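J.: Following this line is entry.cif, made up of mmCIF, C-alpha atoms:
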data_target
loop_
_atom_site.label_atom_id
_atom_site.label_comp_id
_atom_site.auth_asym_id
_atom_site.auth_seq_id
_atom_site.Cartn_x
_atom_site.Cartn_y
_atom_site.Cartn_z
CA MET E 30 0.00 0.00 0.00
CA ALA E 31 2.82 2.39 0.84
CA GLY E 32 4.21 1.96 -2.63
CA SER E 33 1.16 3.66 -4.07
CA LEU E 34 2.65 7.04 -3.14
CA ARG E 35 5.45 6.63 -5.65
CA GLU E 36 5.42 8.55 -8.91
CA HIS E 37 6.32 8.45 -12.57
CA SER E 38 9.95 8.98 -13.45
CA PHE E 39 13.03 7.80 -15.26
CA ALA E 40 15.20 4.87 -14.31
CA CYS E 41 17.97 2.48 -15.05
CA SER E 42 21.17 2.56 -17.04
CA PRO E 43 21.80 2.84 -20.76
CA SER E 44 19.86 0.69 -23.21
CA SER E 45 19.78 -3.04 -22.71
CA SER E 46 17.10 -5.69 -22.40
CA SER E 47 17.45 -5.51 -18.61
CA CYS E 48 17.16 -1.73 -18.73
CA ASP E 49 14.06 -1.95 -20.92
CA THR E 50 12.45 -4.24 -18.33
CA ASP E 51 13.36 -1.84 -15.51
CA ASP E 52 12.05 1.13 -17.49
CA GLU E 53 8.79 -0.68 -18.08
CA GLY E 54 8.35 -1.12 -14.34
CA VAL E 55 9.05 2.56 -13.74
CA ARG E 56 6.64 3.62 -16.47
CA GLY E 57 4.03 1.53 -14.68
CA THR E 58 4.39 3.74 -11.60
CA CYS E 59 3.15 6.64 -13.73
CA GLU E 60 -0.12 4.79 -14.21
CA ASP E 61 -0.33 3.91 -10.51
CA ALA E 62 0.27 7.47 -9.35
CA SER E 63 -2.08 8.97 -11.92
CA LEU E 64 -4.89 6.64 -10.88
CA CYS E 65 -4.36 7.54 -7.22
CA LYS E 66 -4.53 11.25 -7.96
CA ARG E 67 -7.59 10.80 -10.16
CA PHE E 68 -9.39 8.90 -7.39
CA ALA E 69 -8.49 11.47 -4.71
CA VAL E 70 -9.80 14.27 -6.92
CA SER E 71 -13.01 12.33 -7.62
CA ILE E 72 -13.94 12.25 -3.93
CA GLY E 73 -13.04 15.87 -3.26
CA TYR E 74 -9.53 16.03 -1.83
CA TRP E 75 -8.59 18.86 -4.19
CA HIS E 76 -9.98 20.49 -7.33
CA ASP E 77 -8.56 19.48 -10.70
CA PRO E 78 -10.92 19.74 -13.70
CA TYR E 79 -8.26 18.46 -16.10
CA ILE E 80 -7.05 15.15 -14.72
CA GLN E 81 -10.22 13.36 -15.84
CA HIS E 82 -9.25 14.12 -19.44
CA LEU E 83 -5.88 12.42 -19.02
CA VAL E 84 -6.52 9.59 -16.58
CA ARG E 85 -9.33 7.05 -16.29
CA LEU E 86 -11.17 6.61 -13.00
CA SER E 87 -10.14 3.37 -11.29
CA LYS E 88 -12.85 1.04 -10.03
CA GLU E 89 -10.61 0.21 -7.10
CA ARG E 90 -11.10 2.44 -4.06
CA LYS E 91 -7.83 3.84 -2.74
CA ALA E 92 -7.02 3.71 0.97
CA PRO E 93 -7.61 6.90 3.00
CA GLU E 94 -3.94 7.16 4.03
CA ILE E 95 -2.94 7.09 0.35
CA ASN E 96 -5.42 9.86 -0.48
CA ARG E 97 -4.23 12.02 2.41
CA GLY E 98 -0.63 11.43 1.38
CA TYR E 99 -1.32 12.65 -2.14
CA PHE E 100 -3.21 15.65 -0.78
CA ALA E 101 -0.21 16.69 1.32
CA ARG E 102 2.13 16.16 -1.61
CA VAL E 103 0.04 18.12 -4.12
CA HIS E 104 -0.57 20.94 -1.65
CA GLY E 105 3.08 21.19 -0.65
CA VAL E 106 4.50 21.21 -4.17
CA SER E 107 1.80 23.62 -5.35
CA GLN E 108 2.49 26.13 -2.58
CA LEU E 109 6.22 26.13 -3.33
CA ILE E 110 5.56 26.61 -7.05
CA LYS E 111 3.30 29.58 -6.33
CA ALA E 112 5.86 31.07 -3.94
CA PHE E 113 8.48 30.87 -6.69
CA LEU E 114 6.11 32.48 -9.19
CA ARG E 115 5.30 35.20 -6.67
CA LYS E 116 8.95 36.03 -6.14
CA THR E 117 9.78 36.13 -9.86
CA GLU E 118 6.51 37.86 -10.80
CA CYS E 119 6.17 34.95 -13.23
CA HIS E 120 9.19 36.06 -15.26
CA CYS E 121 10.68 32.59 -15.00
CA GLN E 122 10.46 29.11 -16.44
CA ILE E 123 9.39 25.82 -14.89
CA ILE E 124 10.79 22.46 -15.98
CA ASN E 125 8.90 19.44 -14.69
CA LEU E 126 11.16 16.40 -15.06
CA GLY E 127 9.17 13.17 -15.13
CA ALA E 128 5.87 15.03 -15.41
CA GLY E 129 3.66 12.09 -16.37
CA MET E 130 -0.02 13.11 -16.50
CA ASP E 131 0.54 16.23 -14.37
CA THR E 132 -1.94 19.08 -14.94
CA THR E 133 -0.11 21.98 -13.26
CA PHE E 134 0.23 23.97 -16.50
CA TRP E 135 -3.53 24.17 -17.02
CA LYS E 136 -4.27 24.95 -13.38
CA LEU E 137 -1.71 27.77 -13.31
CA LYS E 138 -3.26 29.24 -16.46
CA ASP E 139 -6.66 29.30 -14.78
CA GLU E 140 -5.12 31.27 -11.91
CA ASP E 141 -3.22 33.70 -14.19
CA LEU E 142 0.00 32.36 -12.74
CA LEU E 143 1.79 30.95 -15.77
CA PRO E 144 5.55 31.39 -16.00
CA SER E 145 7.12 32.68 -19.20
CA LYS E 146 7.26 29.05 -20.31
CA TYR E 147 6.34 25.70 -18.80
CA PHE E 148 8.24 22.56 -19.86
CA GLU E 149 7.39 18.91 -19.25
CA VAL E 150 9.75 15.98 -19.86
CA ASP E 151 9.09 12.26 -19.57
CA PHE E 152 9.62 8.94 -21.30
CA THR E 153 8.67 9.15 -24.97
CA MET E 154 6.02 6.46 -24.47
CA ILE E 155 4.33 8.49 -21.73
CA VAL E 156 4.61 11.75 -23.67
CA THR E 157 3.06 10.13 -26.75
CA ARG E 158 0.06 9.04 -24.70
CA LYS E 159 -0.33 12.47 -23.11
CA LEU E 160 -0.02 14.23 -26.46
CA HIS E 161 -2.77 12.05 -27.90
CA ASN E 162 -5.10 13.25 -25.15
CA ILE E 163 -4.03 16.88 -25.52
CA LYS E 164 -4.63 16.89 -29.27
CA ASN E 165 -8.02 15.22 -28.95
CA LYS E 166 -9.39 17.08 -25.91
CA PRO E 167 -10.27 20.74 -26.60
CA ILE E 168 -10.20 21.53 -22.87
CA LEU E 169 -6.48 20.66 -22.92
CA PHE E 170 -5.51 21.83 -26.40
CA ASN E 171 -7.36 25.14 -26.64
CA PRO E 172 -5.51 26.86 -23.75
CA ILE E 173 -2.20 26.06 -25.45
CA VAL E 174 -3.41 27.49 -28.76
CA GLU E 175 -4.85 30.60 -27.09
CA LEU E 176 -1.47 31.41 -25.58
CA HIS E 177 0.42 30.86 -28.82
CA THR E 178 0.51 34.34 -30.33
CA ALA E 179 3.47 33.78 -32.64
CA ALA E 180 2.84 33.89 -36.36
CA ASP E 181 4.29 30.45 -36.96
CA THR E 182 2.27 27.32 -36.22
CA LEU E 183 2.65 25.04 -33.25
CA GLN E 184 5.50 22.57 -33.51
CA MET E 185 4.06 19.13 -32.84
CA ASP E 186 4.81 15.52 -33.64
CA GLY E 187 4.25 12.19 -31.92
CA HIS E 188 6.61 12.86 -29.01
CA THR E 189 7.04 16.65 -28.84
CA LEU E 190 4.82 19.71 -28.68
CA ASP E 191 6.38 23.17 -28.59
CA SER E 192 4.32 26.32 -28.25
CA GLU E 193 5.00 29.81 -26.99
CA ARG E 194 4.18 29.06 -23.34
CA TYR E 195 4.11 25.25 -23.09
CA ALA E 196 6.34 22.44 -24.29
CA ILE E 197 6.26 18.70 -23.69
CA ILE E 198 9.26 16.61 -24.66
CA GLY E 199 9.97 12.90 -24.84
CA ALA E 200 13.51 12.38 -23.54
CA ASP E 201 15.64 10.27 -21.22
CA LEU E 202 17.02 12.07 -18.17
CA ARG E 203 20.07 9.80 -18.25
CA ASP E 204 21.09 11.28 -21.59
CA LEU E 205 21.89 14.86 -20.61
CA SER E 206 23.18 15.98 -23.99
CA GLU E 207 19.93 14.87 -25.64
CA LEU E 208 17.87 16.43 -22.85
CA GLU E 209 19.63 19.78 -23.12
CA GLU E 210 19.44 19.77 -26.90
CA LYS E 211 15.70 19.12 -26.90
CA LEU E 212 14.99 21.71 -24.23
CA LYS E 213 17.01 24.38 -26.04
CA LYS E 214 15.24 23.52 -29.27
CA CYS E 215 12.04 24.43 -27.43
CA ASN E 216 13.60 27.74 -26.32
CA MET E 217 14.71 26.93 -22.81
CA ASN E 218 16.44 30.08 -21.52
CA THR E 219 19.37 29.44 -19.18
CA GLN E 220 19.46 33.12 -18.18
CA LEU E 221 15.91 33.03 -16.81
CA PRO E 222 15.22 32.09 -13.17
CA THR E 223 14.26 28.43 -13.35
CA LEU E 224 12.27 26.09 -11.13
CA LEU E 225 12.91 22.37 -11.63
CA ILE E 226 10.49 19.79 -10.25
CA THR E 227 11.30 16.12 -9.68
CA GLU E 228 8.63 14.03 -7.96
CA CYS E 229 9.78 10.46 -7.29
CA VAL E 230 12.14 10.67 -10.23
CA LEU E 231 15.68 10.60 -8.85
CA VAL E 232 15.06 7.48 -6.76
CA TYR E 233 14.60 5.40 -9.93
CA MET E 234 18.03 6.46 -11.22
CA THR E 235 21.38 5.24 -9.92
CA PRO E 236 23.11 7.67 -7.52
CA GLU E 237 25.62 8.50 -10.24
CA GLN E 238 22.89 9.24 -12.80
CA SER E 239 20.86 11.42 -10.44
CA ALA E 240 24.02 13.26 -9.34
CA ASN E 241 24.86 13.98 -12.97
CA LEU E 242 21.37 15.36 -13.55
CA LEU E 243 21.53 17.54 -10.43
CA LYS E 244 25.00 18.82 -11.35
CA TRP E 245 23.81 19.64 -14.86
CA ALA E 246 20.83 21.58 -13.49
CA ALA E 247 22.97 23.44 -10.96
CA SER E 248 25.54 24.44 -13.58
CA ILE E 249 23.43 25.39 -16.59
CA PHE E 250 21.06 27.90 -14.97
CA GLU E 251 22.33 31.13 -13.44
CA THR E 252 19.58 31.19 -10.83
CA ALA E 253 17.51 28.14 -9.99
CA MET E 254 15.46 26.28 -7.45
CA ILE E 255 14.72 22.57 -7.38
CA ILE E 256 11.82 20.83 -5.61
CA ASN E 257 12.27 17.10 -5.05
CA TYR E 258 9.65 14.78 -3.56
CA GLU E 259 10.58 11.17 -2.83
CA GLN E 260 11.23 8.47 -0.25
CA VAL E 261 13.21 8.88 2.96
CA ASN E 262 14.12 6.78 6.03
CA MET E 263 14.37 3.73 3.81
CA ASP E 264 16.79 1.83 6.03
CA ASP E 265 14.14 0.68 8.52
CA ARG E 266 11.80 -2.31 8.21
CA PHE E 267 8.95 -0.33 6.72
CA GLY E 268 11.28 1.05 4.07
CA GLN E 269 12.58 -2.42 3.26
CA ILE E 270 9.03 -3.68 2.76
CA MET E 271 8.40 -0.84 0.30
CA ILE E 272 11.54 -1.79 -1.63
CA GLU E 273 10.60 -5.47 -1.71
CA ASN E 274 7.07 -4.73 -2.93
CA LEU E 275 8.43 -2.68 -5.82
CA ARG E 276 11.00 -5.31 -6.75
CA ARG E 277 8.25 -7.89 -7.07
CA ARG E 278 6.75 -5.64 -9.70
CA GLN E 279 10.06 -5.42 -11.61
CA CYS E 280 10.62 -1.87 -10.40
CA ASP E 281 13.91 -1.31 -8.63
CA LEU E 282 14.65 1.75 -6.51
CA ALA E 283 18.12 2.13 -8.00
CA GLY E 284 18.86 5.30 -6.03
CA VAL E 285 17.49 4.26 -2.66
CA GLU E 286 20.84 4.67 -0.88
CA THR E 287 20.43 8.44 -1.13
CA CYS E 288 17.05 8.14 0.65
CA LYS E 289 18.39 7.07 4.03
CA SER E 290 17.57 10.29 5.85
CA LEU E 291 16.74 13.96 5.47
CA GLU E 292 20.46 14.65 5.88
CA SER E 293 21.39 12.35 3.00
CA GLN E 294 18.77 14.05 0.84
CA LYS E 295 20.22 17.47 1.58
CA GLU E 296 23.79 16.28 1.14
CA ARG E 297 23.00 14.99 -2.35
CA LEU E 298 21.93 18.49 -3.41
CA LEU E 299 24.87 20.24 -1.76
CA SER E 300 27.43 17.85 -3.23
CA SER E 301 25.94 18.41 -6.69
CA GLY E 302 26.51 22.15 -6.75
CA TRP E 303 23.38 23.52 -5.10
CA GLU E 304 24.16 26.29 -2.63
CA THR E 305 21.38 25.65 -0.12
CA ALA E 306 19.39 22.54 0.73
CA SER E 307 16.50 21.83 3.08
CA ALA E 308 14.15 18.91 3.68
CA VAL E 309 11.11 17.97 5.73
CA ASN E 310 9.28 14.67 6.08
CA MET E 311 5.69 14.60 4.91
CA MET E 312 4.21 13.91 8.34
CA GLU E 313 5.66 17.12 9.71
CA LEU E 314 4.44 18.91 6.62
CA TYR E 315 0.96 17.41 7.06
CA THR E 316 0.73 18.67 10.64
CA ARG E 317 1.47 22.21 9.42
CA LEU E 318 -1.14 22.34 6.65
CA PRO E 319 -3.99 24.84 7.11
CA ARG E 320 -6.17 23.36 9.84
CA GLU E 321 -9.39 24.21 8.01
CA GLU E 322 -8.24 22.26 4.96
CA VAL E 323 -7.07 19.31 7.04
CA ASN E 324 -10.42 19.16 8.83
CA ARG E 325 -12.19 19.23 5.47
CA ILE E 326 -10.23 16.38 3.89
CA GLU E 327 -10.28 14.28 7.05
CA SER E 328 -14.09 14.48 7.02
CA LEU E 329 -14.21 12.95 3.53
CA GLU E 330 -13.53 9.41 4.71
CA PHE E 331 -12.79 7.59 7.92
CA LEU E 332 -9.21 6.57 8.71
CA ASP E 333 -9.11 3.62 11.08
CA GLU E 334 -5.40 3.64 11.90
CA MET E 335 -3.70 7.02 12.25
CA GLU E 336 -0.45 5.21 12.96
CA LEU E 337 -0.43 3.82 9.43
CA LEU E 338 -0.70 7.33 7.98
CA GLU E 339 2.12 8.54 10.20
CA GLN E 340 4.34 5.61 9.28
CA LEU E 341 3.70 6.11 5.60
CA MET E 342 4.23 9.88 5.63
CA GLN E 343 7.46 9.56 7.61
CA HIS E 344 8.89 7.65 4.65
CA TYR E 345 8.39 10.46 2.14
CA CYS E 346 9.87 13.94 2.13
CA LEU E 347 9.89 17.24 0.33
CA CYS E 348 13.35 18.66 -0.38
CA TRP E 349 14.37 21.89 -2.04
CA GLY E 350 17.62 23.48 -3.06
CA THR E 351 18.68 26.79 -4.55
CA ARG E 352 21.58 28.34 -6.38
CA GLY E 353 22.29 31.87 -7.56
CA GLY E 354 22.10 33.56 -4.16
CA GLN E 355 20.60 32.70 -0.80
CA GLU E 356 18.09 35.53 -1.31
CA LEU E 357 16.14 33.07 -3.45
CA GLU E 358 15.29 30.65 -0.67
CA PHE E 359 15.24 33.34 2.01
CA PHE E 360 12.55 35.39 0.32
CA ILE E 361 10.53 32.55 -1.19
CA LEU E 362 10.07 30.62 2.00
CA ALA E 363 9.98 33.07 4.88
CA PRO E 364 11.82 36.36 5.33
CA HIS E 365 11.96 35.98 9.12
CA VAL E 366 13.54 32.54 9.54
CA PRO E 367 16.98 31.15 8.65
CA SER E 368 17.17 30.04 5.02
CA THR E 369 18.70 26.70 6.04
CA SER E 370 15.69 25.82 8.17
CA ALA E 371 12.60 23.85 7.17
CA LEU E 372 10.53 26.38 9.12
CA GLY E 373 10.33 28.64 6.10
CA LEU E 374 8.65 25.95 4.04
CA LEU E 375 6.27 25.11 6.86
CA GLN E 376 5.30 28.76 7.17
CA VAL E 377 4.44 28.86 3.48
CA LEU E 378 2.47 25.62 3.71
CA SER E 379 0.47 26.65 6.76
CA SER E 380 -0.83 29.80 5.10
CA ASP E 381 -3.01 30.33 2.09
CA LEU E 382 -1.03 32.36 -0.40
CA ALA E 383 -2.94 35.49 -1.28
CA PRO E 384 -3.77 35.92 -4.97
CA VAL E 385 -1.11 37.80 -6.88
CA CYS E 386 -1.67 40.01 -9.86
CA PRO E 387 -1.98 38.17 -13.18
CA CYS E 388 1.39 37.17 -14.56
CA GLN E 389 2.15 38.36 -18.05
CA ALA E 390 5.03 36.86 -19.94
CA GLY E 391 7.51 39.62 -20.60
CA PRO E 392 11.07 39.84 -21.87
CA PRO E 393 13.60 37.64 -20.08
CA ILE E 394 15.26 39.29 -17.11
CA GLU E 395 18.76 38.78 -15.84
CA SER E 396 19.11 36.61 -12.76
CA SER E 397 21.06 39.25 -10.83
CA SER E 398 18.30 41.81 -11.40
CA TRP E 399 15.67 39.32 -10.32
CA LEU E 400 17.29 38.88 -6.93
CA LEU E 401 16.68 42.58 -6.23
CA PHE E 402 12.92 42.38 -6.81
CA PRO E 403 10.92 43.34 -3.70
CA LEU E 404 8.43 40.89 -2.25
CA ASN E 405 4.93 41.11 -3.63
CA ASN E 406 2.09 42.00 -1.30
CA GLY E 407 0.73 39.10 0.70
CA PRO E 408 1.45 37.05 3.79
#
Just give me the structure of the file as structure tokens.
T.:
Amino acid sequence: MAGSLREHSFACSPSSSSCDTDDEGVRGTCEDASLCKRFAVSIGYWHDPYIQHLVRLSKERKAPEINRGYFARVHGVSQLIKAFLRKTECHCQIINLGAGMDTTFWKLKDEDLLPSKYFEVDFTMIVTRKLHNIKNKPILFNPIVELHTAADTLQMDGHTLDSERYAIIGADLRDLSELEEKLKKCNMNTQLPTLLITECVLVYMTPEQSANLLKWAASIFETAMIINYEQVNMDDRFGQIMIENLRRRQCDLAGVETCKSLESQKERLLSSGWETASAVNMMELYTRLPREEVNRIESLEFLDEMELLEQLMQHYCLCWGTRGGQELEFFILAPHVPSTSALGLLQVLSSDLAPVCPCQAGPPIESSSWLLFPLNNGP
């Protein structure tokens, strides 16, 4: 059951029959995670009018602890994204690595919070499936077209779509030269403040492969932030059971040795060129969510064993790192607490971010200038 909190991502080593088998298992986690999110949305955990157009509704009822875990995850990542957009006044880019069936782009558009450009990357097979839905569902395709003001037509084939504000790319995160080439072809701007998102992605790569990806990201962008959600405390018995359950499904956690503790998670970022790193386990995050929202979601269904939720949430964490000046983390998370502390994140999560003025894509700004921007109004 705990394994149901895992997410789509990239895995394995260069091409081989063994690698293909491992990749197939990892691709299967995309389906698992998407179905869990779709179910949680269907019973009211959070609002997402788009996921139903990408993911079927499972007949199997998901356990309450799984639904609450996804709620905490979606809320936490969303609040950090919005804090980043607030700080940059949306003059930034977001790159979601291992995006699967994620719908963040469409939800941000509805809130007038789109960055200058939003990129998604995943296995070509997953991207092909998502593109099929995008092209055939007006509710998904029309917003992309509406934002595409350039005279030339949309660039689209079976595994890539590139528009003025949104791009989705089929690529392998283990092949960094290919990844960079494809992103630049879709007008990735290394001078623009950049937010990278990896949700249960790095754990399916070997430590060397994930380190290479993190080093690449830390070196190519002048100013950047990374949000990473994945397993933690995997050395105990509960963690070992999670690993064994995945292995039985031909899905190996190749990078699990970096998931031993919050300290090992932070150290991975720092040793890969990120200037600051923080982490918090999901149970602590859950206890700091807005009480009104927690009361609402806990009333949706009865949870028999609170201990099971606690055990599960203590084995997942939200990590974040920054480079390009400590002002980035300091101002995004909380201006009154140390930037190395998780308290800043918890302050953001425990408050409802006030609406910000609609973000309009403007000319790229230099990273050094961006660091001087004052905070927007709000809590």
J.: Hey, what's within 8 Å of stretch 332-346 of chain E if we count all atoms listed in the file and toss same-chain stuff fewer than 3 positions away? As a ChimeraX atom specification, please?
T.: /E:31,93-95,98,258-263,267-268,291,308-312,327
J.: List the neighbours of stretch 241-254 of chain E out to 7 Å using only C-alpha atoms; skip same-chain residues closer than 5 positions along the sequence, and give me the result as number ranges by chain.
T.: E: 219-220, 222-225, 301-303, 350-353, 396
J.: Please save C-alpha atoms of the selected residues as a tab-separated table (two decimals), in the coordinates of the input.
T.:
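Written output follows (again.tsv):
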chain	number	residue	atom	x	y	z
E	219	THR	CA	19.37	29.44	-19.18
E	220	GLN	CA	19.46	33.12	-18.18
E	222	PRO	CA	15.22	32.09	-13.17
E	223	THR	CA	14.26	28.43	-13.35
E	224	LEU	CA	12.27	26.09	-11.13
E	225	LEU	CA	12.91	22.37	-11.63
E	301	SER	CA	25.94	18.41	-6.69
E	302	GLY	CA	26.51	22.15	-6.75
E	303	TRP	CA	23.38	23.52	-5.10
E	350	GLY	CA	17.62	23.48	-3.06
E	351	THR	CA	18.68	26.79	-4.55
E	352	ARG	CA	21.58	28.34	-6.38
E	353	GLY	CA	22.29	31.87	-7.56
E	396	SER	CA	19.11	36.61	-12.76
J.: Taking all atoms listed in the file into account, which of E:Ile256, E:Asn324, E:Gly284, E:Pro78 comes nearest E:Leu109?
T.: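 So, comparing all the options, the nearest one is E:Ile256.
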J.: Set the distance at 12 Å and use all atoms listed in the file: which residues neighbour E:Val103 once local chain neighbours fewer than 3 positions away are removed? I'd like the list as a ChimeraX atom specification.
T.: /E:34,36,62,65-66,69-70,74-77,96-100,106-110,131-133,228,258,311,314-315,318,347,378
J.: Report the distance between atom CA of E:Ile80 and atom CA of E:Asn165 in Å, rounded to one decimal place.
T.: 14.3 Å
J.: Report, in Å with one decimal, the straight-line distance from atom CA of E:Trp349 to atom CA of E:Thr153.
T.: 26.8 Å
J.: Can you work out which one of E:Arg297, E:Glu292, E:Ile255, E:Asp191 has the shortest atom-to-atom distance to E:Gln238, counting all atoms listed in the file?
T.: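 Smallest distance to E:Gln238 is found for E:Arg297.
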J.: Find the distance between atom CA of E:Pro167 and atom CA of E:Lys88 and write it in Å to one decimal.
T.: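 Answer for the atom CA of E:Pro167 to atom CA of E:Lys88 separation: 25.9 Å.
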J.: At most 12 Å from (-5.5, 25.0, -23.5), file frame, all atoms listed in the file: which residues, as a VMD selection string?
T.: chain E and resid 79 132 to 139 162 to 177 192 194 to 195
J.: Take the residues that were just selected and, keeping C-alpha atoms, output them as a tab-separated table (two decimals), in the coordinates of the input.
T.:
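Here's the written file out.tsv:
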chain	number	residue	atom	x	y	z
E	79	TYR	CA	-8.26	18.46	-16.10
E	132	THR	CA	-1.94	19.08	-14.94
E	133	THR	CA	-0.11	21.98	-13.26
E	134	PHE	CA	0.23	23.97	-16.50
E	135	TRP	CA	-3.53	24.17	-17.02
E	136	LYS	CA	-4.27	24.95	-13.38
E	137	LEU	CA	-1.71	27.77	-13.31
E	138	LYS	CA	-3.26	29.24	-16.46
E	139	ASP	CA	-6.66	29.30	-14.78
E	162	ASN	CA	-5.10	13.25	-25.15
E	163	ILE	CA	-4.03	16.88	-25.52
E	164	LYS	CA	-4.63	16.89	-29.27
E	165	ASN	CA	-8.02	15.22	-28.95
E	166	LYS	CA	-9.39	17.08	-25.91
E	167	PRO	CA	-10.27	20.74	-26.60
E	168	ILE	CA	-10.20	21.53	-22.87
E	169	LEU	CA	-6.48	20.66	-22.92
E	170	PHE	CA	-5.51	21.83	-26.40
E	171	ASN	CA	-7.36	25.14	-26.64
E	172	PRO	CA	-5.51	26.86	-23.75
E	173	ILE	CA	-2.20	26.06	-25.45
E	174	VAL	CA	-3.41	27.49	-28.76
E	175	GLU	CA	-4.85	30.60	-27.09
E	176	LEU	CA	-1.47	31.41	-25.58
E	177	HIS	CA	0.42	30.86	-28.82
E	192	SER	CA	4.32	26.32	-28.25
E	194	ARG	CA	4.18	29.06	-23.34
E	195	TYR	CA	4.11	25.25	-23.09
J.: Find the residue from E:Glu89, E:Asp61, E:Asp186, E:Glu140 that sits nearest to E:Thr157; use all atoms listed in the file when measuring.
T.: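 Of E:Glu89, E:Asp61, E:Asp186, E:Glu140, the one nearest E:Thr157, counting all atoms listed in the file, is E:Asp186.
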J.: Rank nothing, just name the residue among E:Leu126, E:Cys280, E:Leu143, E:Leu190 nearest to E:Lys111, using all atoms listed in the file.
T.: E:Leu143
